[in-house]
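Take a look at the structure below.
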Amino acid sequence: MYSGFYTLASGILTRQNEIDVLGNNITNIKTPGYKTDRVETSAFEMELMVRMENGEPTVLGDGVGQVSSIIQDIHTIMEPGIIENTERELDVAINGDGFFNIRTQDGGTAITKNGNFDLDNEGYLTLNGVGRVLGQNGEIYIGASGFKITADGAITSANGNYIDTLLINKPAEGITVEKIENSAFVIQNAGDLVAAESFTVIHGALESSNVDMNTELTKLIEAQRSFQLYSSAMKIIDQMDQNGSSKIASV
């Protein structure tokens, strides 16, 4: 009986986390540069068959007999969104390969497709909640509005003076990134980034999120129904367990 509880509990937790992830995708459908997340699961019985020992998986047995699922990872779909013109001077999009680089508030490096920039109190180009935008020469100082950005990322002031060139690159093959707020991803080491080769910078435009509302709603309904089924099954098993205990007690 207990194995049934464990199996159903794993299913409930997995579906709840899936609902949370899908809900977050829907919430961020209007966030520029946002990338859709997906929950990846593995069979519950397979997880019970192994354990980590000295950094290596060790086989324990034949599993529990029932198959449910547990969360193994949350995968981010990095496909590009549609680029939309905004005519806003501080909006910038990258068509093609590469990400903007941001100096985070703790001195680290983040990358993003979200070019919905602003100027901070000191006149630096910044992504709200993340940090200052980086160019080839470091943090980009604009000073005041009135600037242009060319297709290769070069920034010039209103009077034509060169300011800097946007630093645009991408993670090296096999590098893991961690999603943070405002459609940005943290890079552990700046050396994990390599130069982007094929891109065009579009001034006065933004890349939209790659969230498809129809897909997310369909998956959300499926996850909610699955959650309800697991919950109902657990109530049935609990009732059976209580009935069994009552009969034993009456003997």
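If you're wondering about the labels, chains in the structure tokens are A, B, ... by order shown, residues count from 1 in each chain, ligands from 1 in order shown.
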
### DSSP strand (DSSP E or B) residues within range 136-188 of chain A, listed as a count of residues only
25

Rows by chain and residue number, range 144-218 of chain A within 8 Å of range 95-114 of chain A, shortest pair, only C-alpha atoms, as a Markdown table:
| residue | atom | partner | partner_atom | distance |
| --- | --- | --- | --- | --- |
| A:Leu166 | CA | A:Phe100 | CA | 7.3 |
| A:Leu167 | CA | A:Asn101 | CA | 6.1 |
| A:Ile168 | CA | A:Phe100 | CA | 5.1 |
| A:Asn169 | CA | A:Gly98 | CA | 4.7 |
| A:Lys170 | CA | A:Gly98 | CA | 5.0 |
| A:Asn182 | CA | A:Asn114 | CA | 7.5 |
| A:Ser183 | CA | A:Thr112 | CA | 6.2 |
| A:Ala184 | CA | A:Thr112 | CA | 4.5 |
| A:Phe185 | CA | A:Ala110 | CA | 5.3 |
| A:Val186 | CA | A:Ala110 | CA | 4.3 |
| A:Ile187 | CA | A:Ala110 | CA | 5.6 |
| A:Gln188 | CA | A:Thr109 | CA | 7.4 |
| A:Asn189 | CA | A:Thr109 | CA | 7.4 |
| A:Ala190 | CA | A:Thr109 | CA | 6.5 |
| A:Ala195 | CA | A:Gly98 | CA | 7.7 |
| A:Ala196 | CA | A:Gly98 | CA | 4.9 |
| A:Glu197 | CA | A:Asp97 | CA | 6.7 |
| A:Ser198 | CA | A:Asp97 | CA | 5.3 |
| A:Phe199 | CA | A:Gly96 | CA | 4.4 |
| A:Thr200 | CA | A:Asn95 | CA | 5.1 |
| A:Val201 | CA | A:Asn95 | CA | 6.3 |
| A:Ile202 | CA | A:Asn95 | CA | 7.2 |
| A:Leu206 | CA | A:Asn114 | CA | 7.2 |
| A:Glu207 | CA | A:Asn114 | CA | 6.8 |

Selected residues, C-alpha atoms, written as a compact mmCIF listing (two decimals), in the first residue's frame, please.
# COMPACT_ATOMS: atom_id res chain seq x y z
CA LEU A 166 27.90 45.97 -28.12
CA LEU A 167 29.55 42.81 -26.82
CA ILE A 168 27.59 39.99 -28.44
CA ASN A 169 28.53 36.36 -27.92
CA LYS A 170 27.10 32.99 -26.91
CA ASN A 182 14.16 39.49 -16.80
CA SER A 183 14.97 36.82 -19.42
CA ALA A 184 18.66 36.67 -18.49
CA PHE A 185 21.00 33.71 -17.94
CA VAL A 186 23.97 33.64 -15.58
CA ILE A 187 27.33 32.46 -16.90
CA GLN A 188 29.70 31.01 -14.32
CA ASN A 189 32.85 32.16 -16.13
CA ALA A 190 33.28 34.83 -18.81
CA ALA A 195 32.07 35.17 -30.20
CA ALA A 196 28.79 35.16 -32.11
CA GLU A 197 29.37 34.89 -35.85
CA SER A 198 26.07 35.47 -37.63
CA PHE A 199 23.82 38.25 -36.37
CA THR A 200 22.34 41.65 -37.16
CA VAL A 201 21.60 44.25 -34.50
CA ILE A 202 18.29 46.07 -34.97
CA LEU A 206 12.67 43.87 -29.47
CA GLU A 207 12.69 40.09 -29.72

### Message
as an MDAnalysis selection string, please: the residues near Val92 in chain A (cut-off 7 Å, only C-alpha atoms, same-chain neighbours under 5 positions excluded).
### Response
chainID A and resid 115:116 202:206

### Message
I'd like the contact shell of Asn24 in chain A - 12 Å cut-off, only C-alpha atoms, skipping same-chain residues fewer than 2 positions apart - returned as a VMD selection string.
### Response
chain A and resid 17 to 22 26 to 31 34 to 38 181 183 211 213 216 to 217 220

For those residues, write N, CA, C and O atoms to a file as a CSV table (one decimal), in the first residue's frame.
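This went into again_38.csv:
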chain,number,residue,atom,x,y,z
A,17,ASN,N,4.7,20.9,-10.1
A,17,ASN,CA,5.9,21.6,-10.6
A,17,ASN,C,5.7,22.0,-12.0
A,17,ASN,O,6.1,23.1,-12.5
A,18,GLU,N,5.1,21.1,-12.8
A,18,GLU,CA,4.9,21.3,-14.2
A,18,GLU,C,3.8,22.4,-14.4
A,18,GLU,O,4.0,23.3,-15.2
A,19,ILE,N,2.8,22.4,-13.5
A,19,ILE,CA,1.8,23.5,-13.6
A,19,ILE,C,2.5,24.9,-13.3
A,19,ILE,O,2.2,25.9,-13.9
A,20,ASP,N,3.4,24.9,-12.3
A,20,ASP,CA,4.1,26.1,-11.9
A,20,ASP,C,4.9,26.6,-13.1
A,20,ASP,O,4.9,27.8,-13.4
A,21,VAL,N,5.6,25.7,-13.7
A,21,VAL,CA,6.5,26.1,-14.9
A,21,VAL,C,5.7,26.6,-16.0
A,21,VAL,O,6.0,27.7,-16.6
A,22,LEU,N,4.6,25.9,-16.3
A,22,LEU,CA,3.7,26.4,-17.4
A,22,LEU,C,3.1,27.7,-17.1
A,22,LEU,O,2.9,28.6,-18.0
A,26,ILE,N,3.4,31.3,-19.2
A,26,ILE,CA,2.2,32.1,-19.6
A,26,ILE,C,2.4,33.6,-19.1
A,26,ILE,O,2.1,34.5,-19.8
A,27,THR,N,2.8,33.7,-17.8
A,27,THR,CA,3.0,35.0,-17.2
A,27,THR,C,4.0,35.8,-18.0
A,27,THR,O,3.8,37.1,-18.1
A,28,ASN,N,5.0,35.2,-18.6
A,28,ASN,CA,6.1,35.9,-19.2
A,28,ASN,C,5.9,36.0,-20.8
A,28,ASN,O,6.9,36.3,-21.5
A,29,ILE,N,4.7,35.7,-21.2
A,29,ILE,CA,4.5,35.7,-22.7
A,29,ILE,C,4.8,37.1,-23.3
A,29,ILE,O,5.2,37.2,-24.5
A,30,LYS,N,4.7,38.2,-22.5
A,30,LYS,CA,4.9,39.5,-23.0
A,30,LYS,C,6.3,40.0,-22.6
A,30,LYS,O,6.7,41.2,-22.9
A,31,THR,N,7.1,39.2,-22.0
A,31,THR,CA,8.5,39.6,-21.6
A,31,THR,C,9.4,39.5,-22.7
A,31,THR,O,9.6,38.4,-23.2
A,34,TYR,N,12.1,36.3,-23.5
A,34,TYR,CA,11.9,35.2,-22.6
A,34,TYR,C,11.9,33.9,-23.4
A,34,TYR,O,11.3,33.8,-24.5
A,35,LYS,N,12.5,32.9,-22.8
A,35,LYS,CA,12.6,31.5,-23.4
A,35,LYS,C,11.7,30.5,-22.6
A,35,LYS,O,11.8,30.5,-21.4
A,36,THR,N,10.9,29.8,-23.3
A,36,THR,CA,10.0,28.8,-22.7
A,36,THR,C,10.8,27.7,-21.9
A,36,THR,O,11.8,27.2,-22.4
A,37,ASP,N,10.2,27.3,-20.8
A,37,ASP,CA,10.8,26.2,-20.0
A,37,ASP,C,9.9,25.0,-20.1
A,37,ASP,O,8.7,25.1,-20.3
A,38,ARG,N,10.5,23.8,-20.0
A,38,ARG,CA,9.8,22.6,-20.0
A,38,ARG,C,10.4,21.7,-18.9
A,38,ARG,O,11.6,21.6,-18.7
A,181,GLU,N,16.1,36.5,-13.4
A,181,GLU,CA,15.0,37.3,-13.8
A,181,GLU,C,15.3,38.1,-15.1
A,181,GLU,O,16.4,38.2,-15.6
A,183,SER,N,14.5,37.6,-18.2
A,183,SER,CA,15.0,36.8,-19.4
A,183,SER,C,16.5,36.7,-19.6
A,183,SER,O,17.0,36.6,-20.7
A,211,VAL,N,7.1,32.0,-26.3
A,211,VAL,CA,6.0,31.3,-25.7
A,211,VAL,C,4.9,31.2,-26.7
A,211,VAL,O,4.4,32.3,-27.2
A,213,MET,N,1.0,30.5,-26.8
A,213,MET,CA,-0.1,30.5,-25.8
A,213,MET,C,-0.9,29.2,-26.0
A,213,MET,O,-1.3,28.6,-25.0
A,216,GLU,N,1.0,26.2,-24.5
A,216,GLU,CA,1.0,26.3,-23.0
A,216,GLU,C,-0.3,26.0,-22.4
A,216,GLU,O,-0.3,25.3,-21.4
A,217,LEU,N,-1.4,26.5,-22.9
A,217,LEU,CA,-2.7,26.2,-22.3
A,217,LEU,C,-3.1,24.8,-22.5
A,217,LEU,O,-3.7,24.2,-21.5
A,220,LEU,N,-1.1,22.9,-19.9
A,220,LEU,CA,-1.5,23.3,-18.6
A,220,LEU,C,-2.8,22.5,-18.2
A,220,LEU,O,-2.9,21.9,-17.1

### Task
From a DSSP pass on the backbone, collect the residues of range 8-224 of chain A flagged as helix (DSSP H, G or I) and hand them back as a PyMOL selection string.
chain A and resi 8-27+44-48+190-192+213-224

### Query
Skipping near chain neighbours, those fewer than 6 positions away, what residues fall within 12 Å of Ala158 in chain A using only C-alpha atoms, listed as a ChimeraX atom specification?
/A:89,142-149
